[in-house]
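Here the structure comes first, spelled out in structure tokens, and everything after it is commentary.
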Amino acid sequence: MTYSPRLLITGGTGFIGAALASRLIQTDRWDDCLFLVRADHREDGLARIAHVLRDHGTPEHLLDRLHLDQILCGGLNNVAEWQDDPRLPSIVDVVSSAAVASFGNHPSIWPTNVDGVLAMAHALSKRCTLRRFLQIGTAMACGRQAPVPVPEGYDAGEETEHFLEYTASKYEAEHRMREELPDLPLIVARPSIVVGHSRLGCAPSGSIFWVFRIARALQCFPCGLDQKIDVIPVDYCAEALQLLLEKPTLQHTAYHITAGEKRSCSFGEIDIAIANATGQTPMTKTYKALPFEEIAKMQGQFKELLGPCNRRIVLRAIRAYGDFAAMEMLFDNQRLLAEGMALPPPLTSYAGLCEQTSRDHLISEQMKFDYK
């Protein structure tokens with residue numbers, strides 16, 4: 001059987017992958033999409049894709065476009081089990097979005113994010129004639145020593161001081177693909193911090209928004225209210241990925257998908273936006289920028305202020321995100337803008353919506369998106 005040119009998407013049930021799928025289902029290319037999904041049967045995989053598309057606001061009539069031939073059962077940890085699928089030679093484009101996006105030390109981070117991605121890239125290189133392999137990384141793969149704003153394509157090499165195992169794994173995957181597969185048509189997209197959806201708030205996912213909720217609940221964090229943070233909504237990230245996927249020619253092989261200096265917001269501005277949307281009082285006069293050691297002394301109050309939670313995980317999160325926030329890292333996005341992408345909406349334009357759609361969810365519940 002001959003198949004039309006296909007687009008393989010991994011991570012289609014994840015936050016970013018589902019946002020991209022929710023855009024593609026509105027286009028002519030949807031019928032040629034193939035999703036690698038961890039499922040025992042195509043029916044189960046189809047149900048998982050449908051579920052996340054609903055979370056991203058996809059109308060029911062568009063879900064009728066889903067069909068079983070779009071599902072490739074498998075994952076990055078068992079590439080050998082699906083690499084002989086007869087549909088693979090028809091693949092021309094790849095969006096590599098699947099990853100263990102845990103900010104803890106999950107044992108599957110390296111086997112999946114590095115070994116699995118490499119195994120897939122090698123398998124596809126042997127069986128397909130690829131036009132584009134779009135690898136979704138993270139802007140934080142630049143490391144602690146990067147200049148601010150971080151230039152697109154910045155690479156400190158072996159001197160990179162990684163923030164987390166997750167960011168280190170993303171960096172390693174990029175480099176090993178370039179070294180081991182020099183002919184792979186690799187395009188690396190590095191999003192900054194992806195929080196919420198500009199129209200749906202935290203309905204699709206509460207990932208990372210809980211950091212702002214913790215800071216507001218404790219009235220303190222290891223950064224000042226005047227310091228800025230580079231955040232984009234997931235739907236903007238998906239729009240940028242679609243551009244990088246579909247544009248016939250690209251000027252570069254590495255791009256940031258970020259707010260940049262023009263659309264990054266200060267923590268104080270974000271707090272005011274949330275307060276205005278919810279009828280609360282901004283914490284301008286009550287907030288304190290405290291070192292981690294001082295915040296740790298408050299852990300006896302965590303249950304009262306944050307609700308049921310694991311104090312150890314909360315402290316780890318405050319240390320990790322507080323350290324990053326205090327560095328005030330912003331990421332240049334001129335390459336992406338030059339390709340024709342518009343500026344993203346600032347977090348202040350939808351932070352209130354994120355808060356409103358988080359009201360019925362515990363902070364600890366949202367933290368599970370990031371601490372698996």
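Chain labels run A, B, ... following the order of the structure tokens; each chain numbers its residues from 1, and ligands are numbered from 1 in the order shown.
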So which residues touch Cys265 of chain A within 12 Å, counting only C-alpha atoms, skipping near sequence neighbours fewer than 2 positions away, as a PDB file with all heavy atoms, in the first residue's frame?
ATOM      1  N   LEU A 225       9.973  41.918  42.840  1.00  0.00           N
ATOM      2  CA  LEU A 225       8.810  42.139  41.992  1.00  0.00           C
ATOM      3  C   LEU A 225       9.158  42.889  40.717  1.00  0.00           C
ATOM      4  O   LEU A 225       8.412  42.827  39.734  1.00  0.00           O
ATOM      5  CB  LEU A 225       7.735  42.921  42.763  1.00  0.00           C
ATOM      6  CG  LEU A 225       6.997  42.169  43.874  1.00  0.00           C
ATOM      7  CD1 LEU A 225       5.993  43.094  44.540  1.00  0.00           C
ATOM      8  CD2 LEU A 225       6.293  40.930  43.323  1.00  0.00           C
ATOM      9  N   ASP A 226      10.287  43.582  40.709  1.00  0.00           N
ATOM     10  CA  ASP A 226      10.668  44.324  39.511  1.00  0.00           C
ATOM     11  C   ASP A 226      11.440  43.470  38.510  1.00  0.00           C
ATOM     12  O   ASP A 226      11.730  43.919  37.397  1.00  0.00           O
ATOM     13  CB  ASP A 226      11.514  45.545  39.899  1.00  0.00           C
ATOM     14  CG  ASP A 226      12.790  45.162  40.638  1.00  0.00           C
ATOM     15  OD1 ASP A 226      12.850  44.041  41.195  1.00  0.00           O
ATOM     16  OD2 ASP A 226      13.729  45.984  40.661  1.00  0.00           O
ATOM     17  N   GLN A 227      11.769  42.250  38.892  1.00  0.00           N
ATOM     18  CA  GLN A 227      12.511  41.385  37.988  1.00  0.00           C
ATOM     19  C   GLN A 227      11.568  40.739  36.978  1.00  0.00           C
ATOM     20  O   GLN A 227      10.425  40.414  37.285  1.00  0.00           O
ATOM     21  CB  GLN A 227      13.265  40.307  38.766  1.00  0.00           C
ATOM     22  CG  GLN A 227      14.413  40.896  39.591  1.00  0.00           C
ATOM     23  CD  GLN A 227      15.226  39.812  40.269  1.00  0.00           C
ATOM     24  OE1 GLN A 227      14.801  39.268  41.279  1.00  0.00           O
ATOM     25  NE2 GLN A 227      16.393  39.501  39.720  1.00  0.00           N
ATOM     26  N   LYS A 228      12.069  40.525  35.752  1.00  0.00           N
ATOM     27  CA  LYS A 228      11.237  40.027  34.663  1.00  0.00           C
ATOM     28  C   LYS A 228      11.422  38.529  34.452  1.00  0.00           C
ATOM     29  O   LYS A 228      12.441  37.951  34.813  1.00  0.00           O
ATOM     30  CB  LYS A 228      11.554  40.776  33.365  1.00  0.00           C
ATOM     31  CG  LYS A 228      11.097  42.222  33.343  1.00  0.00           C
ATOM     32  CD  LYS A 228      11.272  42.822  31.968  1.00  0.00           C
ATOM     33  CE  LYS A 228      10.650  44.206  31.884  1.00  0.00           C
ATOM     34  NZ  LYS A 228      10.760  44.768  30.510  1.00  0.00           N
ATOM     35  N   ILE A 229      10.405  37.933  33.816  1.00  0.00           N
ATOM     36  CA  ILE A 229      10.458  36.518  33.475  1.00  0.00           C
ATOM     37  C   ILE A 229       9.928  36.348  32.054  1.00  0.00           C
ATOM     38  O   ILE A 229       8.975  37.011  31.643  1.00  0.00           O
ATOM     39  CB  ILE A 229       9.646  35.671  34.484  1.00  0.00           C
ATOM     40  CG1 ILE A 229       9.864  34.187  34.227  1.00  0.00           C
ATOM     41  CG2 ILE A 229       8.179  36.042  34.475  1.00  0.00           C
ATOM     42  CD1 ILE A 229       9.353  33.295  35.342  1.00  0.00           C
ATOM     43  N   ASP A 230      10.563  35.464  31.292  1.00  0.00           N
ATOM     44  CA  ASP A 230      10.243  35.245  29.879  1.00  0.00           C
ATOM     45  C   ASP A 230       9.251  34.089  29.771  1.00  0.00           C
ATOM     46  O   ASP A 230       9.610  32.927  29.931  1.00  0.00           O
ATOM     47  CB  ASP A 230      11.537  34.920  29.121  1.00  0.00           C
ATOM     48  CG  ASP A 230      11.378  35.004  27.616  1.00  0.00           C
ATOM     49  OD1 ASP A 230      10.377  34.477  27.104  1.00  0.00           O
ATOM     50  OD2 ASP A 230      12.274  35.570  26.955  1.00  0.00           O
ATOM     51  N   VAL A 231       7.977  34.406  29.502  1.00  0.00           N
ATOM     52  CA  VAL A 231       6.900  33.414  29.477  1.00  0.00           C
ATOM     53  C   VAL A 231       6.099  33.557  28.193  1.00  0.00           C
ATOM     54  O   VAL A 231       5.838  34.671  27.733  1.00  0.00           O
ATOM     55  CB  VAL A 231       5.967  33.591  30.697  1.00  0.00           C
ATOM     56  CG1 VAL A 231       4.731  32.708  30.578  1.00  0.00           C
ATOM     57  CG2 VAL A 231       6.717  33.280  31.984  1.00  0.00           C
ATOM     58  N   ILE A 232       5.688  32.410  27.623  1.00  0.00           N
ATOM     59  CA  ILE A 232       4.792  32.406  26.465  1.00  0.00           C
ATOM     60  C   ILE A 232       3.628  31.465  26.730  1.00  0.00           C
ATOM     61  O   ILE A 232       3.756  30.506  27.481  1.00  0.00           O
ATOM     62  CB  ILE A 232       5.516  31.973  25.176  1.00  0.00           C
ATOM     63  CG1 ILE A 232       6.173  30.600  25.367  1.00  0.00           C
ATOM     64  CG2 ILE A 232       6.517  33.025  24.728  1.00  0.00           C
ATOM     65  CD1 ILE A 232       6.702  29.990  24.082  1.00  0.00           C
ATOM     66  N   THR A 258      10.063  32.605  22.307  1.00  0.00           N
ATOM     67  CA  THR A 258      10.129  33.292  23.597  1.00  0.00           C
ATOM     68  C   THR A 258       9.406  34.637  23.563  1.00  0.00           C
ATOM     69  O   THR A 258       9.038  35.140  22.502  1.00  0.00           O
ATOM     70  CB  THR A 258      11.603  33.540  23.996  1.00  0.00           C
ATOM     71  OG1 THR A 258      12.217  34.398  23.014  1.00  0.00           O
ATOM     72  CG2 THR A 258      12.379  32.232  24.051  1.00  0.00           C
ATOM     73  N   ALA A 259       9.245  35.208  24.741  1.00  0.00           N
ATOM     74  CA  ALA A 259       8.662  36.546  24.837  1.00  0.00           C
ATOM     75  C   ALA A 259       9.679  37.612  24.472  1.00  0.00           C
ATOM     76  O   ALA A 259       9.322  38.690  23.994  1.00  0.00           O
ATOM     77  CB  ALA A 259       8.126  36.781  26.251  1.00  0.00           C
ATOM     78  N   GLY A 260      10.955  37.311  24.721  1.00  0.00           N
ATOM     79  CA  GLY A 260      11.992  38.290  24.428  1.00  0.00           C
ATOM     80  C   GLY A 260      11.908  39.491  25.349  1.00  0.00           C
ATOM     81  O   GLY A 260      11.092  39.551  26.268  1.00  0.00           O
ATOM     82  N   GLU A 261      12.736  40.464  25.094  1.00  0.00           N
ATOM     83  CA  GLU A 261      12.764  41.650  25.956  1.00  0.00           C
ATOM     84  C   GLU A 261      11.485  42.474  25.844  1.00  0.00           C
ATOM     85  O   GLU A 261      11.051  43.100  26.814  1.00  0.00           O
ATOM     86  CB  GLU A 261      13.978  42.507  25.602  1.00  0.00           C
ATOM     87  CG  GLU A 261      15.310  41.849  25.947  1.00  0.00           C
ATOM     88  CD  GLU A 261      16.493  42.761  25.685  1.00  0.00           C
ATOM     89  OE1 GLU A 261      16.879  42.886  24.510  1.00  0.00           O
ATOM     90  OE2 GLU A 261      17.009  43.336  26.660  1.00  0.00           O
ATOM     91  N   LYS A 262      10.823  42.456  24.673  1.00  0.00           N
ATOM     92  CA  LYS A 262       9.663  43.316  24.464  1.00  0.00           C
ATOM     93  C   LYS A 262       8.414  42.826  25.174  1.00  0.00           C
ATOM     94  O   LYS A 262       7.570  43.620  25.586  1.00  0.00           O
ATOM     95  CB  LYS A 262       9.379  43.446  22.963  1.00  0.00           C
ATOM     96  CG  LYS A 262      10.425  44.246  22.200  1.00  0.00           C
ATOM     97  CD  LYS A 262      10.024  44.420  20.745  1.00  0.00           C
ATOM     98  CE  LYS A 262      11.048  45.249  19.988  1.00  0.00           C
ATOM     99  NZ  LYS A 262      10.668  45.416  18.558  1.00  0.00           N
ATOM    100  N   ARG A 263       8.259  41.515  25.327  1.00  0.00           N
ATOM    101  CA  ARG A 263       7.015  40.999  25.893  1.00  0.00           C
ATOM    102  C   ARG A 263       7.200  40.250  27.210  1.00  0.00           C
ATOM    103  O   ARG A 263       6.248  39.665  27.724  1.00  0.00           O
ATOM    104  CB  ARG A 263       6.313  40.096  24.873  1.00  0.00           C
ATOM    105  CG  ARG A 263       5.751  40.870  23.664  1.00  0.00           C
ATOM    106  CD  ARG A 263       4.680  41.851  24.084  1.00  0.00           C
ATOM    107  NE  ARG A 263       4.248  42.733  23.023  1.00  0.00           N
ATOM    108  CZ  ARG A 263       3.237  42.463  22.189  1.00  0.00           C
ATOM    109  NH1 ARG A 263       2.571  41.338  22.324  1.00  0.00           N
ATOM    110  NH2 ARG A 263       2.897  43.329  21.259  1.00  0.00           N
ATOM    111  N   PHE A 267       7.439  40.344  37.702  1.00  0.00           N
ATOM    112  CA  PHE A 267       6.580  39.621  38.634  1.00  0.00           C
ATOM    113  C   PHE A 267       5.529  40.553  39.234  1.00  0.00           C
ATOM    114  O   PHE A 267       4.405  40.141  39.497  1.00  0.00           O
ATOM    115  CB  PHE A 267       7.421  38.976  39.733  1.00  0.00           C
ATOM    116  CG  PHE A 267       8.220  37.795  39.242  1.00  0.00           C
ATOM    117  CD1 PHE A 267       9.523  37.958  38.802  1.00  0.00           C
ATOM    118  CD2 PHE A 267       7.662  36.531  39.210  1.00  0.00           C
ATOM    119  CE1 PHE A 267      10.264  36.884  38.349  1.00  0.00           C
ATOM    120  CE2 PHE A 267       8.387  35.444  38.754  1.00  0.00           C
ATOM    121  CZ  PHE A 267       9.698  35.622  38.316  1.00  0.00           C
ATOM    122  N   GLY A 268       5.896  41.802  39.437  1.00  0.00           N
ATOM    123  CA  GLY A 268       4.943  42.766  39.959  1.00  0.00           C
ATOM    124  C   GLY A 268       3.804  43.020  38.990  1.00  0.00           C
ATOM    125  O   GLY A 268       2.634  43.095  39.390  1.00  0.00           O
ATOM    126  N   GLU A 269       4.119  43.133  37.710  1.00  0.00           N
ATOM    127  CA  GLU A 269       3.079  43.343  36.693  1.00  0.00           C
ATOM    128  C   GLU A 269       2.151  42.133  36.603  1.00  0.00           C
ATOM    129  O   GLU A 269       0.929  42.274  36.449  1.00  0.00           O
ATOM    130  CB  GLU A 269       3.740  43.598  35.336  1.00  0.00           C
ATOM    131  CG  GLU A 269       4.468  44.924  35.243  1.00  0.00           C
ATOM    132  CD  GLU A 269       5.321  45.043  34.000  1.00  0.00           C
ATOM    133  OE1 GLU A 269       5.730  43.999  33.436  1.00  0.00           O
ATOM    134  OE2 GLU A 269       5.598  46.192  33.577  1.00  0.00           O
ATOM    135  N   ILE A 270       2.725  40.950  36.702  1.00  0.00           N
ATOM    136  CA  ILE A 270       1.925  39.722  36.657  1.00  0.00           C
ATOM    137  C   ILE A 270       0.991  39.656  37.866  1.00  0.00           C
ATOM    138  O   ILE A 270      -0.193  39.317  37.747  1.00  0.00           O
ATOM    139  CB  ILE A 270       2.842  38.487  36.602  1.00  0.00           C
ATOM    140  CG1 ILE A 270       3.657  38.496  35.300  1.00  0.00           C
ATOM    141  CG2 ILE A 270       2.033  37.199  36.722  1.00  0.00           C
ATOM    142  CD1 ILE A 270       4.816  37.535  35.296  1.00  0.00           C
ATOM    143  N   ASP A 271       1.516  40.003  39.035  1.00  0.00           N
ATOM    144  CA  ASP A 271       0.706  39.988  40.254  1.00  0.00           C
ATOM    145  C   ASP A 271      -0.460  40.964  40.155  1.00  0.00           C
ATOM    146  O   ASP A 271      -1.587  40.638  40.525  1.00  0.00           O
ATOM    147  CB  ASP A 271       1.579  40.336  41.458  1.00  0.00           C
ATOM    148  CG  ASP A 271       0.756  40.480  42.732  1.00  0.00           C
ATOM    149  OD1 ASP A 271       0.087  39.505  43.110  1.00  0.00           O
ATOM    150  OD2 ASP A 271       0.779  41.580  43.321  1.00  0.00           O
ATOM    151  N   ILE A 272      -0.204  42.149  39.630  1.00  0.00           N
ATOM    152  CA  ILE A 272      -1.271  43.150  39.480  1.00  0.00           C
ATOM    153  C   ILE A 272      -2.335  42.649  38.515  1.00  0.00           C
ATOM    154  O   ILE A 272      -3.541  42.825  38.743  1.00  0.00           O
ATOM    155  CB  ILE A 272      -0.678  44.492  39.009  1.00  0.00           C
ATOM    156  CG1 ILE A 272       0.151  45.130  40.132  1.00  0.00           C
ATOM    157  CG2 ILE A 272      -1.777  45.448  38.555  1.00  0.00           C
ATOM    158  CD1 ILE A 272       0.929  46.357  39.704  1.00  0.00           C
ATOM    159  N   ALA A 273      -1.911  42.010  37.421  1.00  0.00           N
ATOM    160  CA  ALA A 273      -2.864  41.483  36.439  1.00  0.00           C
ATOM    161  C   ALA A 273      -3.754  40.415  37.074  1.00  0.00           C
ATOM    162  O   ALA A 273      -4.972  40.393  36.841  1.00  0.00           O
ATOM    163  CB  ALA A 273      -2.115  40.908  35.239  1.00  0.00           C
ATOM    164  N   ALA A 325      14.462  32.409  38.632  1.00  0.00           N
ATOM    165  CA  ALA A 325      13.797  33.710  38.577  1.00  0.00           C
ATOM    166  C   ALA A 325      14.733  34.840  38.983  1.00  0.00           C
ATOM    167  O   ALA A 325      14.710  35.930  38.393  1.00  0.00           O
ATOM    168  CB  ALA A 325      12.564  33.701  39.482  1.00  0.00           C
ATOM    169  N   GLU A 328      16.846  36.401  36.264  1.00  0.00           N
ATOM    170  CA  GLU A 328      16.160  37.280  35.305  1.00  0.00           C
ATOM    171  C   GLU A 328      16.613  36.988  33.868  1.00  0.00           C
ATOM    172  O   GLU A 328      16.990  37.883  33.122  1.00  0.00           O
ATOM    173  CB  GLU A 328      16.399  38.748  35.652  1.00  0.00           C
ATOM    174  CG  GLU A 328      15.359  39.683  35.066  1.00  0.00           C
ATOM    175  CD  GLU A 328      15.480  41.100  35.586  1.00  0.00           C
ATOM    176  OE1 GLU A 328      16.513  41.425  36.228  1.00  0.00           O
ATOM    177  OE2 GLU A 328      14.550  41.894  35.357  1.00  0.00           O
ATOM    178  N   MET A 329      16.513  35.719  33.467  1.00  0.00           N
ATOM    179  CA  MET A 329      16.957  35.327  32.137  1.00  0.00           C
ATOM    180  C   MET A 329      15.886  35.625  31.094  1.00  0.00           C
ATOM    181  O   MET A 329      14.742  35.198  31.211  1.00  0.00           O
ATOM    182  CB  MET A 329      17.326  33.845  32.106  1.00  0.00           C
ATOM    183  CG  MET A 329      18.519  33.506  32.990  1.00  0.00           C
ATOM    184  SD  MET A 329      19.184  31.859  32.662  1.00  0.00           S
ATOM    185  CE  MET A 329      20.080  32.173  31.142  1.00  0.00           C
ATOM    186  N   LEU A 330      16.291  36.376  30.086  1.00  0.00           N
ATOM    187  CA  LEU A 330      15.435  36.668  28.938  1.00  0.00           C
ATOM    188  C   LEU A 330      16.123  36.111  27.696  1.00  0.00           C
ATOM    189  O   LEU A 330      17.351  35.983  27.652  1.00  0.00           O
ATOM    190  CB  LEU A 330      15.209  38.174  28.797  1.00  0.00           C
ATOM    191  CG  LEU A 330      14.706  38.913  30.047  1.00  0.00           C
ATOM    192  CD1 LEU A 330      14.526  40.395  29.742  1.00  0.00           C
ATOM    193  CD2 LEU A 330      13.406  38.305  30.562  1.00  0.00           C
ATOM    194  N   PRO A 344       4.508  37.524  20.869  1.00  0.00           N
ATOM    195  CA  PRO A 344       3.511  36.800  21.667  1.00  0.00           C
ATOM    196  C   PRO A 344       2.710  37.750  22.539  1.00  0.00           C
ATOM    197  O   PRO A 344       3.145  38.872  22.824  1.00  0.00           O
ATOM    198  CB  PRO A 344       4.372  35.875  22.528  1.00  0.00           C
ATOM    199  CG  PRO A 344       5.635  36.662  22.744  1.00  0.00           C
ATOM    200  CD  PRO A 344       5.866  37.379  21.441  1.00  0.00           C
ATOM    201  N   PRO A 345       1.539  37.314  23.006  1.00  0.00           N
ATOM    202  CA  PRO A 345       0.830  38.109  24.015  1.00  0.00           C
ATOM    203  C   PRO A 345       1.599  38.043  25.324  1.00  0.00           C
ATOM    204  O   PRO A 345       2.142  36.991  25.680  1.00  0.00           O
ATOM    205  CB  PRO A 345      -0.527  37.406  24.124  1.00  0.00           C
ATOM    206  CG  PRO A 345      -0.250  35.997  23.711  1.00  0.00           C
ATOM    207  CD  PRO A 345       0.819  36.074  22.666  1.00  0.00           C
ATOM    208  N   PRO A 346       1.702  39.149  26.054  1.00  0.00           N
ATOM    209  CA  PRO A 346       2.397  39.104  27.349  1.00  0.00           C
ATOM    210  C   PRO A 346       1.589  38.316  28.363  1.00  0.00           C
ATOM    211  O   PRO A 346       0.359  38.224  28.263  1.00  0.00           O
ATOM    212  CB  PRO A 346       2.497  40.576  27.739  1.00  0.00           C
ATOM    213  CG  PRO A 346       1.336  41.230  27.054  1.00  0.00           C
ATOM    214  CD  PRO A 346       1.169  40.488  25.750  1.00  0.00           C
ATOM    215  N   LEU A 347       2.264  37.746  29.343  1.00  0.00           N
ATOM    216  CA  LEU A 347       1.572  36.964  30.369  1.00  0.00           C
ATOM    217  C   LEU A 347       0.532  37.815  31.097  1.00  0.00           C
ATOM    218  O   LEU A 347      -0.510  37.302  31.512  1.00  0.00           O
ATOM    219  CB  LEU A 347       2.590  36.394  31.370  1.00  0.00           C
ATOM    220  CG  LEU A 347       2.023  35.588  32.544  1.00  0.00           C
ATOM    221  CD1 LEU A 347       1.121  34.449  32.074  1.00  0.00           C
ATOM    222  CD2 LEU A 347       3.158  35.053  33.410  1.00  0.00           C
ATOM    223  N   THR A 348       0.775  39.107  31.231  1.00  0.00           N
ATOM    224  CA  THR A 348      -0.183  39.971  31.919  1.00  0.00           C
ATOM    225  C   THR A 348      -1.546  39.996  31.229  1.00  0.00           C
ATOM    226  O   THR A 348      -2.561  40.290  31.865  1.00  0.00           O
ATOM    227  CB  THR A 348       0.359  41.406  32.012  1.00  0.00           C
ATOM    228  OG1 THR A 348       0.811  41.831  30.708  1.00  0.00           O
ATOM    229  CG2 THR A 348       1.512  41.490  32.988  1.00  0.00           C
ATOM    230  N   SER A 349      -1.593  39.676  29.935  1.00  0.00           N
ATOM    231  CA  SER A 349      -2.863  39.725  29.202  1.00  0.00           C
ATOM    232  C   SER A 349      -3.746  38.519  29.476  1.00  0.00           C
ATOM    233  O   SER A 349      -4.951  38.551  29.182  1.00  0.00           O
ATOM    234  CB  SER A 349      -2.597  39.846  27.694  1.00  0.00           C
ATOM    235  OG  SER A 349      -2.012  38.650  27.180  1.00  0.00           O
ATOM    236  N   TYR A 350      -3.183  37.448  30.056  1.00  0.00           N
ATOM    237  CA  TYR A 350      -4.007  36.271  30.325  1.00  0.00           C
ATOM    238  C   TYR A 350      -3.706  35.624  31.677  1.00  0.00           C
ATOM    239  O   TYR A 350      -4.253  34.559  31.995  1.00  0.00           O
ATOM    240  CB  TYR A 350      -3.860  35.250  29.194  1.00  0.00           C
ATOM    241  CG  TYR A 350      -2.495  34.568  29.100  1.00  0.00           C
ATOM    242  CD1 TYR A 350      -2.284  33.309  29.654  1.00  0.00           C
ATOM    243  CD2 TYR A 350      -1.420  35.189  28.453  1.00  0.00           C
ATOM    244  CE1 TYR A 350      -1.045  32.685  29.572  1.00  0.00           C
ATOM    245  CE2 TYR A 350      -0.185  34.570  28.363  1.00  0.00           C
ATOM    246  CZ  TYR A 350      -0.008  33.317  28.920  1.00  0.00           C
ATOM    247  OH  TYR A 350       1.220  32.693  28.838  1.00  0.00           O
ATOM    248  N   ALA A 351      -2.868  36.262  32.501  1.00  0.00           N
ATOM    249  CA  ALA A 351      -2.551  35.709  33.826  1.00  0.00           C
ATOM    250  C   ALA A 351      -3.790  35.603  34.701  1.00  0.00           C
ATOM    251  O   ALA A 351      -3.947  34.647  35.476  1.00  0.00           O
ATOM    252  CB  ALA A 351      -1.486  36.559  34.513  1.00  0.00           C
TER     253      ALA A 351
END
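All residues of protein, DNA or RNA that reach within 9 Å of Arg176 of chain A, judged by only C-alpha atoms and not counting those fewer than 4 positions away in the chain, are Val114, Leu118, Tyr171, Glu172, Glu180 and Leu181 of chain A.
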Could you take the residues named above and write them with N, CA, C and O atoms, as a short mmCIF file (atom, residue, chain, number, x, y, z; two decimals), in the first residue's frame?
data_model
loop_
_atom_site.label_atom_id
_atom_site.label_comp_id
_atom_site.auth_asym_id
_atom_site.auth_seq_id
_atom_site.Cartn_x
_atom_site.Cartn_y
_atom_site.Cartn_z
N VAL A 114 17.02 11.46 25.66
CA VAL A 114 18.28 11.36 24.89
C VAL A 114 18.32 10.06 24.10
O VAL A 114 18.26 10.06 22.87
N LEU A 118 17.34 9.72 20.12
CA LEU A 118 18.40 9.32 19.19
C LEU A 118 18.03 8.04 18.45
O LEU A 118 18.26 7.92 17.24
N TYR A 171 19.70 19.42 25.96
CA TYR A 171 20.95 19.87 25.34
C TYR A 171 21.70 18.69 24.73
O TYR A 171 22.18 18.75 23.59
N GLU A 172 21.79 17.59 25.46
CA GLU A 172 22.53 16.43 25.00
C GLU A 172 21.90 15.83 23.75
O GLU A 172 22.61 15.42 22.82
N GLU A 180 25.95 12.56 15.45
CA GLU A 180 25.76 11.22 14.93
C GLU A 180 25.01 11.19 13.60
O GLU A 180 25.14 10.24 12.82
N LEU A 181 24.21 12.24 13.33
CA LEU A 181 23.40 12.27 12.11
C LEU A 181 23.58 13.62 11.42
O LEU A 181 22.67 14.45 11.37
#
Which residues are close to Leu8 of chain A, i.e. within 7 Å by only C-alpha atoms, leaving aside same-chain residues fewer than 2 positions away? Reply as a short mmCIF file (atom, residue, chain, number, x, y, z; two decimals) with C-alpha atoms, in the first residue's frame.
data_model
loop_
_atom_site.label_atom_id
_atom_site.label_comp_id
_atom_site.auth_asym_id
_atom_site.auth_seq_id
_atom_site.Cartn_x
_atom_site.Cartn_y
_atom_site.Cartn_z
CA ARG A 6 3.15 12.05 6.31
CA THR A 10 5.65 12.48 19.00
CA CYS A 33 -0.61 13.34 10.53
CA LEU A 34 0.74 10.23 12.25
CA PHE A 35 0.92 10.22 16.07
CA ILE A 91 7.16 10.18 6.67
CA ASP A 93 8.47 15.67 8.42
CA VAL A 94 8.90 15.00 12.13
CA VAL A 95 7.92 17.02 15.20
#
Checklist entry - Expressed in Å to a single decimal, how great is the separation between atom CA of Ile49 of chain A and atom CA of Val92 of chain A? => result 21.4 Å
Item to check | Backbone-only DSSP, strand (DSSP E) members of segment 74-228 of chain A, as a VMD selection string | outcome: chain A and resid 91 to 96 132 to 136 186 to 191 193 to 194 220 to 221 228
Checklist entry - Nearest to Gly137 of chain A among A:Arg48, A:Lys170, A:Arg65, A:Lys368, with distances taken over only C-alpha atoms: which residue is it? => result A:Lys170
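Distances here use only C-alpha atoms; by that measure, the residue among A:Ser90, A:Leu243, A:Asn105, A:Ala217 closest to Glu304 of chain A is A:Ala217.
Relative to atom CA of Leu241 of chain A, atom CA of Phe324 of chain A is found at 25.0 Å.
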Next on the checklist: So that I can check the surroundings of Ile208 of chain A, please list as an MDAnalysis selection string every protein, DNA and RNA residue that reaches within 12 Å of it, counting only C-alpha atoms and ignoring chain neighbours fewer than 4 positions away.
Outcome noted: chainID A and resid 15 101:103 192:196 202 212:215 231:234 317:318 320:321 354 358 363:371
Checklist entry - So, counting only C-alpha atoms, which residue among A:Arg335, A:Met283, A:Gln299, A:Leu72 is closest to Leu46 of chain A? => result A:Leu72
Next on the checklist: Please extract the residues of segment 84-183 of chain A with a backbone DSSP assignment of alpha helix (DSSP H) and present them as a ChimeraX atom specification.
Outcome noted: /A:109-110,117-127,165-180
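Compared by their closest atoms to Leu290 of chain A, and using only C-alpha atoms, the residues A:Leu315, A:Ala254, A:Phe221, A:Asn333 rank with A:Phe221 nearest.
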Next on the checklist: I'd like the contact shell of Gln135 of chain A - 10 Å cut-off, only C-alpha atoms, skipping same-chain residues fewer than 4 positions apart - returned as a ChimeraX atom specification.
Outcome noted: /A:94-98,117,170,173-174,177,186-190,241,254
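For the pair atom CA of Ile25 of chain A and atom CA of Ala240 of chain A, the interatomic distance is 15.9 Å.
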Item to check | 12 Å contact set for Thr249 of chain A, only C-alpha atoms, chain neighbours under 2 positions out, as a list of chain:residue names | outcome: A:Arg131, A:Arg132, A:Pro185, A:Ile187, A:Leu243, A:Leu244, A:Leu245, A:Glu246, A:Lys247, A:Gln251, A:His252, A:Thr253, A:Glu339
Could you save those same residues with C-alpha atoms as a tab-separated table (two decimals), in the first residue's frame?
chain	number	residue	atom	x	y	z
A	131	ARG	CA	12.54	17.16	4.68
A	132	ARG	CA	12.54	18.50	8.25
A	185	PRO	CA	17.55	18.08	8.40
A	187	ILE	CA	15.74	22.34	13.20
A	243	LEU	CA	5.48	28.13	11.10
A	244	LEU	CA	8.86	26.43	11.57
A	245	LEU	CA	7.39	23.18	10.30
A	246	GLU	CA	5.60	24.47	7.23
A	247	LYS	CA	7.68	27.38	5.95
A	251	GLN	CA	17.27	30.95	7.53
A	252	HIS	CA	18.64	29.17	10.60
A	253	THR	CA	18.75	25.76	12.26
A	339	GLU	CA	10.76	34.42	9.76
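Considering the residues A:Cys309, A:Ala238, A:Leu218, A:Ile257 and counting only C-alpha atoms, Ala289 of chain A has its shortest atom-to-atom contact with A:Leu218.
Summary of the local environment: counting only C-alpha atoms, residues at most 8 Å from Leu88 of chain A, other than itself and those fewer than 2 positions away along its chain, are A:Gln83, A:Asp84, A:Asp85, A:Pro86, A:Ser90, A:Ile91, A:Leu124, A:Arg127, A:Cys128.
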